[in-house]
file entry.csv (CSV, C-alpha atoms)
chain,number,residue,atom,x,y,z
A,648,MET,CA,-21.8,-5.9,-30.5
A,649,VAL,CA,-24.6,-8.2,-31.8
A,650,GLY,CA,-26.5,-10.2,-29.2
A,651,SER,CA,-26.3,-13.4,-31.2
A,652,ASP,CA,-23.8,-15.4,-33.3
A,653,VAL,CA,-24.2,-14.1,-36.8
A,654,ASN,CA,-20.9,-15.2,-38.4
A,655,GLY,CA,-21.2,-18.8,-37.3
A,656,ASP,CA,-18.1,-19.1,-35.1
A,657,GLY,CA,-20.2,-20.3,-32.1
A,658,LEU,CA,-19.6,-17.1,-30.1
A,659,ALA,CA,-22.0,-14.3,-29.4
A,660,ASN,CA,-19.3,-11.6,-29.7
A,661,ASP,CA,-19.8,-10.3,-33.3
A,662,ARG,CA,-19.1,-6.6,-33.8
A,663,ALA,CA,-22.1,-4.6,-35.0
A,664,PHE,CA,-22.2,-2.5,-38.2
A,665,ILE,CA,-23.4,1.0,-37.4
A,666,PHE,CA,-26.0,1.8,-40.0
A,667,ASN,CA,-26.6,5.4,-41.1
A,668,PRO,CA,-30.0,6.2,-39.7
A,669,ALA,CA,-30.8,8.5,-42.7
A,670,SER,CA,-30.1,5.7,-45.3
A,671,ALA,CA,-31.0,2.5,-43.4
A,672,SER,CA,-33.3,0.3,-45.4
A,673,ASP,CA,-35.2,-0.6,-42.3
A,674,ALA,CA,-36.9,2.6,-41.1
A,675,THR,CA,-37.6,1.2,-37.7
A,676,LEU,CA,-34.0,0.3,-37.2
A,677,GLY,CA,-32.9,3.8,-38.4
A,678,ASN,CA,-35.4,5.6,-36.1
A,679,ALA,CA,-34.1,3.6,-33.1
A,680,LEU,CA,-30.5,4.4,-33.9
A,681,GLN,CA,-31.3,8.0,-34.3
A,682,SER,CA,-33.0,7.9,-30.9
A,683,LEU,CA,-29.8,6.6,-29.3
A,684,ARG,CA,-27.8,9.4,-31.1
A,685,THR,CA,-30.0,12.1,-29.7
A,686,SER,CA,-31.2,10.8,-26.3
A,687,GLY,CA,-28.5,8.4,-25.2
A,688,SER,CA,-25.7,9.2,-22.8
A,689,LYS,CA,-22.7,11.1,-24.0
A,690,THR,CA,-20.6,8.0,-24.2
A,691,VAL,CA,-23.3,6.2,-26.2
A,692,ARG,CA,-23.6,9.2,-28.6
A,693,ASP,CA,-19.9,9.5,-29.1
A,694,CYS,CA,-19.6,5.8,-29.7
A,695,ILE,CA,-22.2,5.7,-32.4
A,696,ASN,CA,-21.5,9.0,-34.1
A,697,ARG,CA,-17.9,8.4,-34.8
A,698,GLN,CA,-18.5,5.0,-36.4
A,699,VAL,CA,-21.6,5.6,-38.5
A,700,GLY,CA,-21.4,3.6,-41.8
A,701,GLN,CA,-18.7,1.2,-40.6
A,702,PRO,CA,-18.3,-1.8,-38.3
A,703,ALA,CA,-17.7,-1.0,-34.7
A,704,ALA,CA,-14.0,-1.2,-33.8
A,705,ARG,CA,-12.7,-3.2,-30.9
A,706,ALA,CA,-12.8,-1.3,-27.6
A,707,SER,CA,-14.2,1.7,-29.4
A,708,CYS,CA,-16.8,2.7,-26.7
A,709,GLU,CA,-16.0,4.0,-23.2
A,710,GLY,CA,-17.9,3.4,-20.0
A,711,PRO,CA,-18.2,5.8,-17.0
A,712,TRP,CA,-15.8,5.9,-14.1
A,713,THR,CA,-16.5,3.6,-11.2
A,714,ALA,CA,-16.2,4.7,-7.6
A,715,ALA,CA,-15.1,2.1,-5.0
A,716,LEU,CA,-14.4,2.5,-1.3
A,717,ASN,CA,-13.2,0.1,1.3
A,718,LEU,CA,-12.3,1.1,4.9
A,719,ASN,CA,-10.0,-0.7,7.3
A,720,VAL,CA,-9.5,0.7,10.8
A,721,VAL,CA,-6.9,-1.0,13.1
A,722,ILE,CA,-6.6,-0.1,16.7
A,723,ASN,CA,-3.5,-1.4,18.5
A,724,GLY,CA,-4.0,-1.8,22.2
A,725,GLY,CA,-0.4,-0.9,23.0
A,726,ASP,CA,-1.1,2.6,21.7
A,727,TYR,CA,-3.4,3.2,24.7
A,728,ARG,CA,-2.0,1.0,27.5
A,729,PRO,CA,1.2,-1.1,27.6
A,730,SER,CA,-0.7,-3.9,29.2
A,731,TRP,CA,-3.0,-4.1,26.1
A,732,GLU,CA,-0.1,-4.5,23.6
A,733,ARG,CA,-1.2,-8.1,22.8
A,734,PHE,CA,-4.6,-7.0,21.6
A,735,GLN,CA,-5.5,-5.6,18.2
A,736,LEU,CA,-9.0,-4.6,17.1
A,737,GLY,CA,-9.8,-4.3,13.4
A,738,LEU,CA,-12.9,-2.8,11.8
A,739,ASN,CA,-13.4,-3.6,8.2
A,740,LEU,CA,-16.0,-2.0,6.0
A,741,THR,CA,-16.4,-3.5,2.5
A,742,ASN,CA,-18.2,-1.2,0.0
A,743,PRO,CA,-19.8,1.3,2.4
A,744,LEU,CA,-20.9,3.3,-0.6
A,745,GLY,CA,-23.2,0.4,-1.6
A,746,GLY,CA,-24.6,0.2,2.0
A,747,LEU,CA,-25.2,4.0,1.9
A,748,ASP,CA,-26.9,3.7,-1.5
A,749,GLN,CA,-29.2,0.9,-0.1
A,750,ALA,CA,-30.0,2.9,3.0
A,751,LEU,CA,-30.8,6.2,1.2
A,752,HIS,CA,-32.5,5.0,-2.0
A,753,GLY,CA,-33.9,1.6,-1.2
A,754,SER,CA,-33.5,-1.6,-3.2
A,755,SER,CA,-35.8,-0.5,-6.0
A,756,ASN,CA,-34.1,2.8,-6.7
A,757,LEU,CA,-30.4,2.1,-6.4
A,758,LYS,CA,-28.0,4.7,-7.9
A,759,GLY,CA,-25.1,2.2,-8.4
A,760,TRP,CA,-22.8,3.7,-5.7
A,761,GLY,CA,-19.8,1.4,-5.2
A,762,THR,CA,-21.1,-1.1,-7.9
A,763,PRO,CA,-18.8,-1.7,-10.9
A,764,SER,CA,-20.2,0.0,-14.0
A,765,LEU,CA,-20.8,-2.6,-16.6
A,766,PRO,CA,-22.4,-0.9,-19.7
A,767,ASP,CA,-24.7,-3.1,-21.8
A,768,PRO,CA,-22.6,-3.9,-24.9
A,769,VAL,CA,-25.4,-5.2,-27.1
A,770,LEU,CA,-26.5,-2.8,-29.8
A,771,TYR,CA,-28.5,-5.2,-31.9
A,772,ASN,CA,-30.6,-8.2,-31.2
A,773,VAL,CA,-31.4,-10.5,-34.1
A,774,ARG,CA,-35.1,-10.9,-34.8
A,775,GLY,CA,-35.0,-13.1,-37.9
A,776,PHE,CA,-33.4,-13.6,-41.3
A,777,ASP,CA,-34.7,-12.3,-44.6
A,778,PRO,CA,-33.9,-14.9,-47.3
A,779,ALA,CA,-34.9,-12.5,-50.1
A,780,THR,CA,-32.1,-10.0,-49.2
A,781,ASN,CA,-29.9,-12.6,-47.5
A,782,ARG,CA,-29.7,-10.4,-44.4
A,783,PHE,CA,-30.5,-10.7,-40.8
A,784,ARG,CA,-33.2,-8.5,-39.3
A,785,TYR,CA,-32.0,-6.5,-36.4
A,786,GLU,CA,-33.7,-4.7,-33.5
A,787,VAL,CA,-31.9,-1.9,-31.7
A,788,ASN,CA,-31.4,-2.5,-27.9
A,789,PRO,CA,-32.7,0.7,-26.2
A,790,ARG,CA,-30.6,-0.1,-23.2
A,791,PHE,CA,-27.3,-0.1,-25.1
A,792,GLY,CA,-24.6,1.5,-23.0
A,793,THR,CA,-26.7,1.8,-19.9
A,794,THR,CA,-25.1,1.2,-16.5
A,795,ALA,CA,-28.3,1.3,-14.4
A,796,PRO,CA,-28.2,-1.2,-11.5
A,797,SER,CA,-31.6,-2.5,-12.5
A,798,SER,CA,-30.2,-3.7,-15.9
A,799,ASN,CA,-27.7,-6.2,-14.4
A,800,THR,CA,-27.6,-8.6,-11.5
A,801,LEU,CA,-24.0,-7.9,-10.4
A,802,ARG,CA,-23.8,-6.5,-7.0
A,803,ALA,CA,-20.9,-5.6,-4.6
A,804,PRO,CA,-22.5,-6.2,-1.2
A,805,PHE,CA,-21.8,-4.1,1.8
A,806,ARG,CA,-20.1,-6.0,4.7
A,807,LEU,CA,-19.1,-5.0,8.1
A,808,THR,CA,-16.6,-7.2,10.0
A,809,LEU,CA,-15.0,-6.8,13.4
A,810,ASP,CA,-11.7,-8.7,14.0
A,811,LEU,CA,-10.1,-9.1,17.4
A,812,THR,CA,-6.5,-10.4,17.4
A,813,VAL,CA,-4.9,-11.6,20.6
A,814,ASP,CA,-1.2,-12.5,20.7
A,815,LEU,CA,-0.9,-15.4,23.1
A,816,ALA,CA,2.8,-16.0,22.7
A,817,ARG,CA,5.5,-14.1,24.7
A,818,ALA,CA,6.8,-10.8,23.4
A,819,LEU,CA,9.4,-11.3,20.7
A,820,PRO,CA,12.2,-9.6,22.8
A,821,ASP,CA,11.5,-12.1,25.6
A,822,GLN,CA,11.5,-15.0,23.1
A,823,GLN,CA,14.8,-13.8,21.8
A,824,LEU,CA,16.3,-13.5,25.2
A,825,ASP,CA,15.1,-16.9,26.2
A,826,ARG,CA,16.8,-18.4,23.2
A,827,TRP,CA,20.1,-16.8,24.3
A,828,LEU,CA,19.9,-17.9,27.9
A,829,ARG,CA,18.4,-21.4,27.7
A,830,PRO,CA,21.3,-23.3,26.2
A,831,GLY,CA,23.7,-24.8,28.8
A,832,ARG,CA,21.4,-24.0,31.8
A,833,GLY,CA,19.0,-26.3,33.7
A,834,GLY,CA,20.3,-29.4,32.0
A,835,ARG,CA,19.4,-28.1,28.5
A,836,PRO,CA,21.7,-29.0,25.6
A,837,GLY,CA,24.1,-26.6,23.9
A,838,PRO,CA,26.9,-24.4,25.2
A,839,LYS,CA,26.3,-21.2,27.0
A,840,LEU,CA,26.8,-18.0,25.0
A,841,THR,CA,29.9,-16.2,25.9
A,842,VAL,CA,30.1,-12.5,26.8
A,843,GLU,CA,31.4,-11.6,23.4
A,844,GLN,CA,28.6,-13.5,21.7
A,845,LEU,CA,25.9,-11.9,23.8
A,846,THR,CA,27.4,-8.5,23.2
A,847,GLN,CA,27.3,-9.0,19.4
A,848,ARG,CA,23.6,-9.9,19.7
A,849,LEU,CA,22.7,-7.0,21.9
A,850,GLN,CA,24.4,-4.5,19.6
A,851,ARG,CA,21.7,-5.2,17.0
A,852,ASN,CA,19.0,-3.6,19.1
A,853,VAL,CA,20.2,0.0,18.4
A,854,PRO,CA,21.7,1.0,15.0
A,855,ASP,CA,24.9,3.0,14.8
A,856,PRO,CA,23.9,6.5,13.7
A,857,TYR,CA,27.4,7.4,12.6
A,858,GLY,CA,27.7,4.2,10.5
A,859,GLU,CA,24.3,5.0,8.9
A,860,LEU,CA,25.5,8.5,8.2
A,861,LEU,CA,28.8,7.5,6.8
A,862,GLN,CA,27.0,5.2,4.3
A,863,GLN,CA,25.4,8.4,2.9
A,864,THR,CA,28.7,10.0,2.3
A,865,ASP,CA,28.0,10.5,-1.5
A,866,SER,CA,24.4,11.5,-1.0
A,867,LEU,CA,25.2,14.1,1.6
A,868,LEU,CA,28.4,15.3,-0.2
A,869,LEU,CA,30.5,14.8,3.0
A,870,THR,CA,34.0,16.3,2.8
A,871,ALA,CA,37.1,14.3,3.8
A,872,ALA,CA,37.4,16.4,7.0
A,873,GLN,CA,33.8,15.7,7.9
A,874,VAL,CA,34.3,11.9,7.3
A,875,THR,CA,37.3,12.0,9.6
A,876,THR,CA,35.4,13.9,12.3
A,877,LEU,CA,32.5,11.5,12.1
A,878,GLN,CA,34.8,8.5,12.4
A,879,SER,CA,36.4,10.0,15.5
A,880,ALA,CA,32.9,10.8,17.0
A,881,ARG,CA,31.8,7.3,16.1
A,882,ALA,CA,34.8,5.8,18.0
A,883,GLY,CA,33.8,7.7,21.2
A,884,TYR,CA,30.1,6.7,20.8
A,885,ARG,CA,31.0,3.1,20.2
A,886,LYS,CA,33.1,3.1,23.4
A,887,ARG,CA,30.2,4.4,25.5
A,888,ILE,CA,27.5,2.3,24.1
A,889,ASP,CA,29.6,-0.9,24.0
A,890,ALA,CA,30.1,-0.4,27.7
A,891,LEU,CA,26.4,-0.7,28.1
A,892,TRP,CA,26.1,-3.8,26.0
A,893,SER,CA,29.2,-5.6,27.5
A,894,GLY,CA,28.0,-4.8,31.1
A,895,LEU,CA,24.6,-6.3,30.3
A,896,ALA,CA,26.2,-9.3,28.5
A,897,GLN,CA,28.4,-9.9,31.5
A,898,ARG,CA,25.3,-10.0,33.9
A,899,LEU,CA,23.4,-12.3,31.5
A,900,SER,CA,26.4,-14.6,31.2
A,901,ASP,CA,26.9,-14.8,35.0
A,902,LEU,CA,23.3,-16.0,35.5
A,903,PRO,CA,23.1,-19.3,37.5
A,904,GLU,CA,21.4,-22.5,36.4
A,905,ARG,CA,18.1,-21.2,37.9
A,906,TYR,CA,17.5,-17.6,37.3
A,907,ASP,CA,14.8,-15.0,37.4
A,908,PHE,CA,13.8,-14.5,33.8
A,909,ALA,CA,11.5,-11.5,34.5
A,910,ASP,CA,14.4,-9.7,36.2
A,911,ALA,CA,16.8,-10.5,33.2
A,912,SER,CA,14.2,-9.3,30.8
A,913,ARG,CA,13.7,-6.0,32.8
A,914,ARG,CA,17.4,-5.4,32.9
A,915,MET,CA,17.6,-5.8,29.1
A,916,ASP,CA,14.7,-3.5,28.5
A,917,ASP,CA,16.3,-0.8,30.8
A,918,THR,CA,19.6,-1.1,29.0
A,919,ILE,CA,18.0,-0.9,25.5
A,920,ASP,CA,16.1,2.3,26.6
A,921,GLU,CA,19.3,3.7,28.0
A,922,ALA,CA,21.1,3.0,24.7
A,923,TRP,CA,18.4,4.6,22.7
A,924,GLU,CA,18.6,7.7,24.9
A,925,LEU,CA,22.4,7.9,24.6
A,926,THR,CA,22.0,7.6,20.8
A,927,ARG,CA,19.3,10.3,20.7
A,928,VAL,CA,21.4,12.8,22.7
A,929,GLU,CA,24.5,11.9,20.5
A,930,VAL,CA,22.6,12.7,17.3
A,931,ARG,CA,21.1,15.9,18.7
A,932,THR,CA,24.4,17.3,19.9
A,933,LYS,CA,27.0,16.0,17.4
A,934,TYR,CA,25.2,16.2,14.1
A,935,PRO,CA,24.8,20.0,14.1
A,936,GLU,CA,28.5,20.4,15.0
A,937,ILE,CA,29.8,18.3,12.1
A,938,LEU,CA,27.3,18.8,9.3
A,939,ALA,CA,26.7,22.0,7.3
A,940,PRO,CA,23.2,23.6,7.3
A,941,VAL,CA,22.5,22.3,3.7
A,942,GLN,CA,23.4,18.8,4.8
A,943,LEU,CA,21.2,19.1,7.8
A,944,ALA,CA,18.4,20.1,5.5
A,945,ILE,CA,18.9,17.0,3.4
A,946,LEU,CA,19.3,14.7,6.4
A,947,PRO,CA,15.7,14.7,7.6
A,948,GLN,CA,14.7,12.5,4.7
A,949,PHE,CA,17.0,9.9,6.2
A,950,LEU,CA,16.2,10.6,9.8
A,951,PHE,CA,12.5,10.9,9.3
A,952,SER,CA,12.1,7.5,7.6
A,953,ALA,CA,12.5,5.1,10.6
A,954,THR,CA,15.9,4.1,9.3
A,955,PHE,CA,17.6,4.8,12.6
A,956,TYR,CA,14.7,4.7,15.0
A,957,PRO,CA,11.4,2.8,15.0
A,958,LEU,CA,8.3,4.9,14.1
A,959,SER,CA,6.9,4.4,17.6
A,960,THR,CA,9.8,6.4,19.1
A,961,TYR,CA,8.7,9.6,17.4
A,962,PRO,CA,6.1,11.9,18.9
A,963,LYS,CA,2.5,11.3,17.7
A,964,GLY,CA,2.5,14.5,15.5
A,965,LEU,CA,5.9,13.7,14.0
A,966,GLN,CA,4.8,10.2,13.1
A,967,VAL,CA,2.5,11.7,10.5
A,968,VAL,CA,5.4,13.6,8.9
A,969,VAL,CA,7.6,10.4,9.0
A,970,TRP,CA,4.8,8.4,7.3
A,971,ILE,CA,4.5,10.9,4.5
A,972,THR,CA,8.2,10.5,3.4
A,973,PRO,CA,8.6,8.0,0.6
A,974,LEU,CA,11.8,6.7,2.1
A,975,PHE,CA,9.9,5.5,5.2
A,976,HIS,CA,7.7,3.2,3.0
A,977,GLY,CA,10.8,1.8,1.2
A,978,VAL,CA,12.7,1.2,4.5
A,979,ASP,CA,9.8,-0.4,6.3
A,980,MET,CA,8.9,-2.6,3.2
A,981,MET,CA,12.6,-3.8,2.9
A,982,ARG,CA,12.7,-4.4,6.7
A,983,GLN,CA,9.7,-6.6,6.5
A,984,LEU,CA,11.0,-8.6,3.6
A,985,CYS,CA,14.4,-9.0,5.2
A,986,THR,CA,13.1,-10.1,8.6
A,987,GLY,CA,10.3,-12.3,7.1
A,988,GLN,CA,7.7,-10.5,9.2
A,989,VAL,CA,5.5,-9.3,6.4
A,990,GLY,CA,2.3,-7.5,7.4
A,991,TRP,CA,-0.7,-6.3,5.4
A,992,ASN,CA,0.6,-2.7,5.4
A,993,ILE,CA,3.2,-3.7,2.8
A,994,ILE,CA,0.4,-3.3,0.3
A,995,ILE,CA,0.0,0.3,1.4
A,996,HIS,CA,3.7,0.8,1.0
A,997,CYS,CA,3.6,-0.5,-2.6
A,998,LEU,CA,0.5,1.6,-3.5
A,999,TYR,CA,2.0,4.7,-2.0
A,1000,LEU,CA,5.3,4.3,-3.7
A,1001,GLY,CA,3.6,3.5,-7.0
A,1002,ALA,CA,1.4,6.6,-6.7
A,1003,ILE,CA,4.5,8.8,-6.0
A,1004,ALA,CA,6.3,7.2,-9.0
A,1005,PHE,CA,3.3,7.8,-11.2
A,1006,VAL,CA,2.9,11.4,-10.3
A,1007,GLY,CA,6.7,12.0,-10.6
A,1008,LEU,CA,6.8,10.5,-14.1
A,1009,ARG,CA,3.8,12.6,-15.2
A,1010,VAL,CA,5.5,15.7,-13.9
A,1011,VAL,CA,8.8,14.8,-15.5
A,1012,ARG,CA,7.1,14.0,-18.8
A,1013,ARG,CA,5.2,17.2,-18.8
A,1014,ARG,CA,8.3,19.2,-18.0
A,1015,LEU,CA,10.4,17.5,-20.7
A,1016,GLY,CA,7.6,18.1,-23.2
A,1017,LEU,CA,7.6,21.8,-22.4
A,1018,LEU,CA,11.4,22.0,-22.7
A,1019,LEU,CA,11.4,20.2,-26.0
A,1020,ILE,CA,8.7,22.4,-27.4
A,1021,THR,CA,10.4,25.6,-26.3
call {"tool": "encode", "arguments": {"input": "entry.csv", "output": "structure tokens"}}
result
Amino acid sequence: MVGSDVNGDGLANDRAFIFNPASASDATLGNALQSLRTSGSKTVRDCINRQVGQPAARASCEGPWTAALNLNVVINGGDYRPSWERFQLGLNLTNPLGGLDQALHGSSNLKGWGTPSLPDPVLYNVRGFDPATNRFRYEVNPRFGTTAPSSNTLRAPFRLTLDLTVDLARALPDQQLDRWLRPGRGGRPGPKLTVEQLTQRLQRNVPDPYGELLQQTDSLLLTAAQVTTLQSARAGYRKRIDALWSGLAQRLSDLPERYDFADASRRMDDTIDEAWELTRVEVRTKYPEILAPVQLAILPQFLFSATFYPLSTYPKGLQVVVWITPLFHGVDMMRQLCTGQVGWNIIIHCLYLGAIAFVGLRVVRRRLGLLLIT
């Protein structure tokens, strides 16, 4: 572009005409253009050479790739000690590449690491007007297309921040239990929850593995006999696990006006752990008896996605495998949106699923192209 307003519209965004250096009436201008064609960067040479003798087209020149890096490390205290579960430590590094560039090369010799590449778009600067020829006199900008940090004032500073998060409220399960037990006790308003109502609320803590599996009937190609067997196994499973929930619900319902909340919370935690263990054993023993080997091979995509069990229940090594599966990101993202507890990691879920979709579309497009050609 020209570095001045030459068409009178009040904006300095006029596209430049790429003169032919060999036939330019201004020898100085021609020599300067020829110098850019021979000694400029590849992107500058390509931009000028393919447009010689014509006005520069819009968005006809390309700049270099820009490298950017930000790092966020989060340490959950509960991963190390149960008593530290209320603490979370976050280490945030913004543009560490820029900090490394500054440390290695100094302020006067920056290489532009981590800094957005903004090529100089000005090819000509106006140096006057020749009334005899009714033309502007131009001077070639020797820095055209350069991205050197010294040529612009835009910087992406390096920042290091340390965040400490402390959860001062009671644990969510305790808050939930307190909401169940408070009404109707100690002079508080509201009726006490019945055993049936408490049982229904407790059942939400552990998903029904057979119900989840039956929902995948079409995906797993379950036969009618398999569906019948699963329904029968589900009935036995529900009988055993409902006995746990109803027993706990009865104890909670029988609590007096003044009760030991810590003991009630401990009882609920123990019952939930027992329910998870019962479900784990049920899945491990019954699934192989009912499902075919091919179906068991497909099933890990559903099992290893935190659909049935929280990610924290898997062994440390297996958690990495679970995290890689695309279904895990979709399940966790939908769970956050449905519960209203949206965290920063939902951005990672979106980026991961977007990258998987992009790669899949590229592969499919390439495959279809080859099939159509052949």
call {"tool": "closest_residue", "arguments": {"input": "entry.csv", "among": "A:Ala818, A:Ala896, A:Leu680, A:Met648", "to": "Ala706 in chain A", "atoms": "all atoms listed in the file"}}
result
A:Met648
call {"tool": "residues_around", "arguments": {"input": "entry.csv", "residues": "Ala880 in chain A", "least_positions_apart": "5", "cutoff": "12 Å", "atoms": "all atoms listed in the file", "output": "VMD selection string"}}
result
chain A and resid 855 to 858 860 to 861 873 to 875 885 to 887 926 929 to 930 932 to 934 936 to 937
call {"tool": "atom_distance", "arguments": {"input": "entry.csv", "atom1": "CA of Gln823 in chain A", "atom2": "CA of Met915 in chain A"}}
result
11.2 Å
call {"tool": "atom_distance", "arguments": {"input": "entry.csv", "atom1": "CA of Thr918 in chain A", "atom2": "CA of Leu899 in chain A"}}
result
12.1 Å
call {"tool": "residues_around", "arguments": {"input": "entry.csv", "residues": "range 988-1004 of chain A", "least_positions_apart": "4", "cutoff": "7 Å", "atoms": "all atoms listed in the file", "output": "compact mmCIF listing (two decimals) with C-alpha atoms, in the frame of the given file"}}
result
# COMPACT_ATOMS: atom_id res chain seq x y z
CA PRO A 973 8.60 8.00 0.60
CA HIS A 976 7.70 3.20 3.00
CA MET A 980 8.90 -2.60 3.20
CA GLN A 983 9.70 -6.60 6.50
CA LEU A 984 11.00 -8.60 3.60
CA LEU A 1008 6.80 10.50 -14.10
call {"tool": "atom_distance", "arguments": {"input": "entry.csv", "atom1": "CA of Glu924 in chain A", "atom2": "CA of Trp892 in chain A"}}
result
13.8 Å
call {"tool": "residues_around", "arguments": {"input": "entry.csv", "residues": "Thr846 in chain A", "least_positions_apart": "6", "cutoff": "12 Å", "atoms": "only C-alpha atoms", "output": "list in words"}}
result
Trp827, Leu840, Asn852, Ile888, Asp889, Ala890, Leu891, Trp892, Ser893, Gly894, Leu895, Ala896, Gln897, Arg898, Leu899, Ser900 and Met915 of chain A
call {"tool": "residues_around", "arguments": {"input": "entry.csv", "residues": "range 779-785 of chain A", "least_positions_apart": "4", "cutoff": "9 Å", "atoms": "only C-alpha atoms", "output": "list in words"}}
result
Val649, Val653, Asp673, Leu676, Tyr771, Asn772, Val773, Arg774 and Gly775 of chain A
call {"tool": "residues_around", "arguments": {"input": "entry.csv", "residues": "Leu738 in chain A", "least_positions_apart": "3", "cutoff": "6 Å", "atoms": "only C-alpha atoms", "output": "PyMOL selection string"}}
result
chain A and resi 719-720+809
call {"tool": "residues_near_point", "arguments": {"input": "entry.csv", "point": "(12.1, -10.9, 26.4)", "cutoff": "9 Å", "atoms": "all atoms listed in the file", "output": "ChimeraX atom specification"}}
result
/A:817-825,908-909,911-913,915-916
call {"tool": "closest_residue", "arguments": {"input": "entry.csv", "among": "A:Val787, A:Ser879, A:Asp810, A:Ser651", "to": "Asn723 in chain A", "atoms": "only C-alpha atoms"}}
result
A:Asp810
call {"tool": "closest_residue", "arguments": {"input": "entry.csv", "among": "A:Thr762, A:Leu744, A:Leu751, A:Pro789", "to": "Ser688 in chain A", "atoms": "all atoms listed in the file"}}
result
A:Pro789
call {"tool": "closest_residue", "arguments": {"input": "entry.csv", "among": "A:Cys708, A:Leu747, A:Leu736, A:Ala715", "to": "Val813 in chain A", "atoms": "all atoms listed in the file"}}
result
A:Leu736
call {"tool": "closest_residue", "arguments": {"input": "entry.csv", "among": "A:Ala659, A:Pro763, A:Asn742, A:Thr812", "to": "Gly724 in chain A", "atoms": "all atoms listed in the file"}}
result
A:Thr812
call {"tool": "closest_residue", "arguments": {"input": "entry.csv", "among": "A:Gly831, A:Val969, A:Asp656, A:Arg1012", "to": "Glu904 in chain A", "atoms": "all atoms listed in the file"}}
result
A:Gly831
call {"tool": "build_atoms", "arguments": {"input": "entry.csv", "residues": "range 666-682 of chain A", "atoms": "N, CA and C atoms", "output": "PDB file, keeping the file's coordinate frame"}}
result
ATOM      1  N   PHE A 666     -25.263   1.285 -38.814  1.00  0.00           N
ATOM      2  CA  PHE A 666     -26.000   1.800 -40.000  1.00  0.00           C
ATOM      3  C   PHE A 666     -26.188   3.302 -39.861  1.00  0.00           C
ATOM      4  N   ASN A 667     -26.229   3.959 -41.024  1.00  0.00           N
ATOM      5  CA  ASN A 667     -26.600   5.400 -41.100  1.00  0.00           C
ATOM      6  C   ASN A 667     -28.082   5.500 -40.925  1.00  0.00           C
ATOM      7  N   PRO A 668     -28.593   6.131 -39.878  1.00  0.00           N
ATOM      8  CA  PRO A 668     -30.000   6.200 -39.700  1.00  0.00           C
ATOM      9  C   PRO A 668     -30.758   6.825 -40.896  1.00  0.00           C
ATOM     10  N   ALA A 669     -30.100   7.765 -41.579  1.00  0.00           N
ATOM     11  CA  ALA A 669     -30.800   8.500 -42.700  1.00  0.00           C
ATOM     12  C   ALA A 669     -30.913   7.562 -43.917  1.00  0.00           C
ATOM     13  N   SER A 670     -30.042   6.581 -44.070  1.00  0.00           N
ATOM     14  CA  SER A 670     -30.100   5.700 -45.300  1.00  0.00           C
ATOM     15  C   SER A 670     -30.347   4.284 -44.989  1.00  0.00           C
ATOM     16  N   ALA A 671     -30.701   3.940 -43.779  1.00  0.00           N
ATOM     17  CA  ALA A 671     -31.000   2.500 -43.400  1.00  0.00           C
ATOM     18  C   ALA A 671     -32.205   2.055 -44.163  1.00  0.00           C
ATOM     19  N   SER A 672     -32.135   0.843 -44.707  1.00  0.00           N
ATOM     20  CA  SER A 672     -33.300   0.300 -45.400  1.00  0.00           C
ATOM     21  C   SER A 672     -34.424  -0.049 -44.511  1.00  0.00           C
ATOM     22  N   ASP A 673     -34.125  -0.324 -43.253  1.00  0.00           N
ATOM     23  CA  ASP A 673     -35.200  -0.600 -42.300  1.00  0.00           C
ATOM     24  C   ASP A 673     -35.433   0.692 -41.500  1.00  0.00           C
ATOM     25  N   ALA A 674     -36.604   1.273 -41.753  1.00  0.00           N
ATOM     26  CA  ALA A 674     -36.900   2.600 -41.100  1.00  0.00           C
ATOM     27  C   ALA A 674     -37.004   2.449 -39.618  1.00  0.00           C
ATOM     28  N   THR A 675     -37.527   1.328 -39.120  1.00  0.00           N
ATOM     29  CA  THR A 675     -37.600   1.200 -37.700  1.00  0.00           C
ATOM     30  C   THR A 675     -36.246   1.123 -37.024  1.00  0.00           C
ATOM     31  N   LEU A 676     -35.328   0.409 -37.685  1.00  0.00           N
ATOM     32  CA  LEU A 676     -34.000   0.300 -37.200  1.00  0.00           C
ATOM     33  C   LEU A 676     -33.319   1.729 -37.219  1.00  0.00           C
ATOM     34  N   GLY A 677     -33.514   2.465 -38.312  1.00  0.00           N
ATOM     35  CA  GLY A 677     -32.900   3.800 -38.400  1.00  0.00           C
ATOM     36  C   GLY A 677     -33.455   4.753 -37.368  1.00  0.00           C
ATOM     37  N   ASN A 678     -34.771   4.704 -37.103  1.00  0.00           N
ATOM     38  CA  ASN A 678     -35.400   5.600 -36.100  1.00  0.00           C
ATOM     39  C   ASN A 678     -34.810   5.264 -34.687  1.00  0.00           C
ATOM     40  N   ALA A 679     -34.645   3.957 -34.419  1.00  0.00           N
ATOM     41  CA  ALA A 679     -34.100   3.600 -33.100  1.00  0.00           C
ATOM     42  C   ALA A 679     -32.679   4.012 -32.928  1.00  0.00           C
ATOM     43  N   LEU A 680     -31.882   3.889 -34.004  1.00  0.00           N
ATOM     44  CA  LEU A 680     -30.500   4.400 -33.900  1.00  0.00           C
ATOM     45  C   LEU A 680     -30.444   5.867 -33.736  1.00  0.00           C
ATOM     46  N   GLN A 681     -31.305   6.580 -34.443  1.00  0.00           N
ATOM     47  CA  GLN A 681     -31.300   8.000 -34.300  1.00  0.00           C
ATOM     48  C   GLN A 681     -31.745   8.442 -32.909  1.00  0.00           C
ATOM     49  N   SER A 682     -32.628   7.655 -32.297  1.00  0.00           N
ATOM     50  CA  SER A 682     -33.000   7.900 -30.900  1.00  0.00           C
ATOM     51  C   SER A 682     -31.865   7.809 -29.969  1.00  0.00           C
TER      52      SER A 682
END
